[in-house]
Amino acid sequence: MSMQDTIAVRPNMEVFTADAGRLGRVKSIDNEEMLIDREHARDIFIPLSFVNRVLDTEQRVELSITEVEFDELHWENPPII
């Protein structure tokens, strides 16, 4: 992923895993992560370092991990502070 790709990520883009699993829509972004609005699930922060490419004409963000890898990361369960 290039710096240009992370700059191209914008709110309302669809987010997909590497194997085309739909995760949701970009709700907001900051310097290091994007907040994903997921249907029927909690919103989740995903580091921009996991963005593989941005397809601007399709309003689509593709991650570098599969759905199985995503599930194994347990991002939906934030660590207890």
# chains A, B, ... in the order shown; residues from 1 in each chain; ligands from 1
call {"tool": "closest_atom_pairs", "arguments": {"of": "region 8-37 of chain A", "to": "region 41-45 of chain A", "cutoff": "7 Å", "atoms": "only C-alpha atoms", "output": "tab-separated table"}}
result
residue	atom	partner	partner_atom	distance
A:Glu33	CA	A:Phe45	CA	6.2
A:Met34	CA	A:Phe45	CA	5.5
A:Leu35	CA	A:Phe45	CA	4.4
A:Ile36	CA	A:Ile44	CA	5.2
A:Asp37	CA	A:Asp43	CA	4.8
call {"tool": "write_last_selection", "arguments": {"atoms": "N, CA and C atoms", "output": "PDB file, in the first residue's frame"}}
result
ATOM      1  N   GLU A  33      -5.716   5.046  11.270  1.00  0.00           N
ATOM      2  CA  GLU A  33      -6.767   4.038  11.212  1.00  0.00           C
ATOM      3  C   GLU A  33      -8.060   4.612  10.643  1.00  0.00           C
ATOM      4  N   MET A  34      -8.943   3.697  10.272  1.00  0.00           N
ATOM      5  CA  MET A  34     -10.255   4.103   9.780  1.00  0.00           C
ATOM      6  C   MET A  34     -11.311   3.416  10.630  1.00  0.00           C
ATOM      7  N   LEU A  35     -12.409   4.123  10.852  1.00  0.00           N
ATOM      8  CA  LEU A  35     -13.531   3.578  11.597  1.00  0.00           C
ATOM      9  C   LEU A  35     -14.514   3.012  10.589  1.00  0.00           C
ATOM     10  N   ILE A  36     -14.855   1.740  10.767  1.00  0.00           N
ATOM     11  CA  ILE A  36     -15.746   1.042   9.836  1.00  0.00           C
ATOM     12  C   ILE A  36     -17.116   0.877  10.477  1.00  0.00           C
ATOM     13  N   ASP A  37     -18.150   1.343   9.781  1.00  0.00           N
ATOM     14  CA  ASP A  37     -19.538   1.181  10.185  1.00  0.00           C
ATOM     15  C   ASP A  37     -20.004  -0.158   9.634  1.00  0.00           C
TER      16      ASP A  37
END
call {"tool": "residues_around", "arguments": {"residues": "Gln59 (chain A)", "least_positions_apart": "2", "cutoff": "7 Å", "atoms": "only C-alpha atoms", "output": "compact mmCIF listing (two decimals) with C-alpha atoms, in the first residue's frame"}}
result
# COMPACT_ATOMS: atom_id res chain seq x y z
CA MET A 13 -16.30 3.86 0.74
CA GLU A 14 -17.14 0.15 0.97
CA LEU A 55 -10.38 1.52 -6.11
CA ASP A 56 -11.52 5.13 -6.33
CA THR A 57 -13.85 4.66 -9.30
call {"tool": "select_by_dssp", "arguments": {"residues": "chain A", "states": "alpha helix (DSSP H)", "output": "list in words"}}
result
Met3, Gln4, Asp5, Thr6, Ile7, Ala8, Glu67, Val68, Glu69, Phe70, Asp71, Glu72 and Leu73 of chain A
call {"tool": "residues_around", "arguments": {"residues": "region 61-73 of chain A", "least_positions_apart": "5", "cutoff": "7 Å", "atoms": "only C-alpha atoms", "output": "ChimeraX atom specification"}}
result
/A:13-19,21,50-55
call {"tool": "select_by_dssp", "arguments": {"residues": "chain A", "states": "strand (DSSP E or B)", "output": "list in words"}}
result
Glu14, Val15, Phe16, Arg22, Leu23, Gly24, Arg25, Val26, Lys27, Ser28, Ile29, Glu33, Met34, Leu35, Ile36, Asp37, Ile44, Phe45, Ile46, Pro47, Val51, Asn52, Arg53, Val54, Leu55, Arg60, Val61, Glu62 and Leu63 of chain A
call {"tool": "decode", "arguments": {"residues": "region 18-70 of chain A", "atoms": "C-alpha atoms", "output": "mmCIF file, in the first residue's frame"}}
result
data_model
loop_
_atom_site.group_PDB
_atom_site.id
_atom_site.type_symbol
_atom_site.label_atom_id
_atom_site.label_comp_id
_atom_site.auth_asym_id
_atom_site.auth_seq_id
_atom_site.Cartn_x
_atom_site.Cartn_y
_atom_site.Cartn_z
ATOM 1 C CA ALA A 18 -8.796 -9.708 0.322
ATOM 2 C CA ASP A 19 -11.225 -12.539 -0.492
ATOM 3 C CA ALA A 20 -14.094 -10.105 -1.256
ATOM 4 C CA GLY A 21 -15.903 -10.326 2.079
ATOM 5 C CA ARG A 22 -17.789 -7.075 2.776
ATOM 6 C CA LEU A 23 -16.996 -5.560 6.172
ATOM 7 C CA GLY A 24 -18.901 -2.282 5.983
ATOM 8 C CA ARG A 25 -18.384 1.392 5.089
ATOM 9 C CA VAL A 26 -15.703 3.841 6.109
ATOM 10 C CA LYS A 27 -17.248 6.103 8.726
ATOM 11 C CA SER A 28 -14.181 8.261 9.405
ATOM 12 C CA ILE A 29 -10.394 8.190 9.077
ATOM 13 C CA ASP A 30 -7.435 9.665 10.894
ATOM 14 C CA ASN A 31 -3.670 9.396 10.390
ATOM 15 C CA GLU A 32 -3.366 5.730 11.325
ATOM 16 C CA GLU A 33 -6.767 4.038 11.212
ATOM 17 C CA MET A 34 -10.255 4.103 9.780
ATOM 18 C CA LEU A 35 -13.531 3.578 11.597
ATOM 19 C CA ILE A 36 -15.746 1.042 9.836
ATOM 20 C CA ASP A 37 -19.538 1.181 10.185
ATOM 21 C CA ARG A 38 -20.694 -2.448 10.119
ATOM 22 C CA GLU A 39 -24.299 -3.557 9.710
ATOM 23 C CA HIS A 40 -25.655 -5.427 12.727
ATOM 24 C CA ALA A 41 -22.250 -5.271 14.463
ATOM 25 C CA ARG A 42 -20.182 -2.800 16.439
ATOM 26 C CA ASP A 43 -18.191 -0.194 14.565
ATOM 27 C CA ILE A 44 -14.537 -1.154 14.406
ATOM 28 C CA PHE A 45 -11.205 0.609 13.939
ATOM 29 C CA ILE A 46 -8.870 -0.909 11.331
ATOM 30 C CA PRO A 47 -5.286 0.307 10.924
ATOM 31 C CA LEU A 48 -4.644 1.907 7.532
ATOM 32 C CA SER A 49 -1.598 -0.343 7.255
ATOM 33 C CA PHE A 50 -4.046 -3.164 6.375
ATOM 34 C CA VAL A 51 -5.270 -1.351 3.246
ATOM 35 C CA ASN A 52 -4.033 -3.218 0.177
ATOM 36 C CA ARG A 53 -5.535 -0.896 -2.440
ATOM 37 C CA VAL A 54 -8.181 1.717 -3.030
ATOM 38 C CA LEU A 55 -10.377 1.518 -6.113
ATOM 39 C CA ASP A 56 -11.518 5.128 -6.332
ATOM 40 C CA THR A 57 -13.851 4.657 -9.305
ATOM 41 C CA GLU A 58 -15.679 1.895 -7.420
ATOM 42 C CA GLN A 59 -15.571 3.672 -4.043
ATOM 43 C CA ARG A 60 -13.975 0.518 -2.648
ATOM 44 C CA VAL A 61 -11.209 -0.209 -0.136
ATOM 45 C CA GLU A 62 -9.619 -3.654 -0.225
ATOM 46 C CA LEU A 63 -7.708 -4.970 2.765
ATOM 47 C CA SER A 64 -4.651 -7.218 2.667
ATOM 48 C CA ILE A 65 -6.256 -9.864 4.914
ATOM 49 C CA THR A 66 -8.964 -12.470 4.326
ATOM 50 C CA GLU A 67 -12.207 -12.805 6.278
ATOM 51 C CA VAL A 68 -10.739 -15.681 8.293
ATOM 52 C CA GLU A 69 -7.658 -13.618 9.165
ATOM 53 C CA PHE A 70 -9.899 -10.673 10.078
#
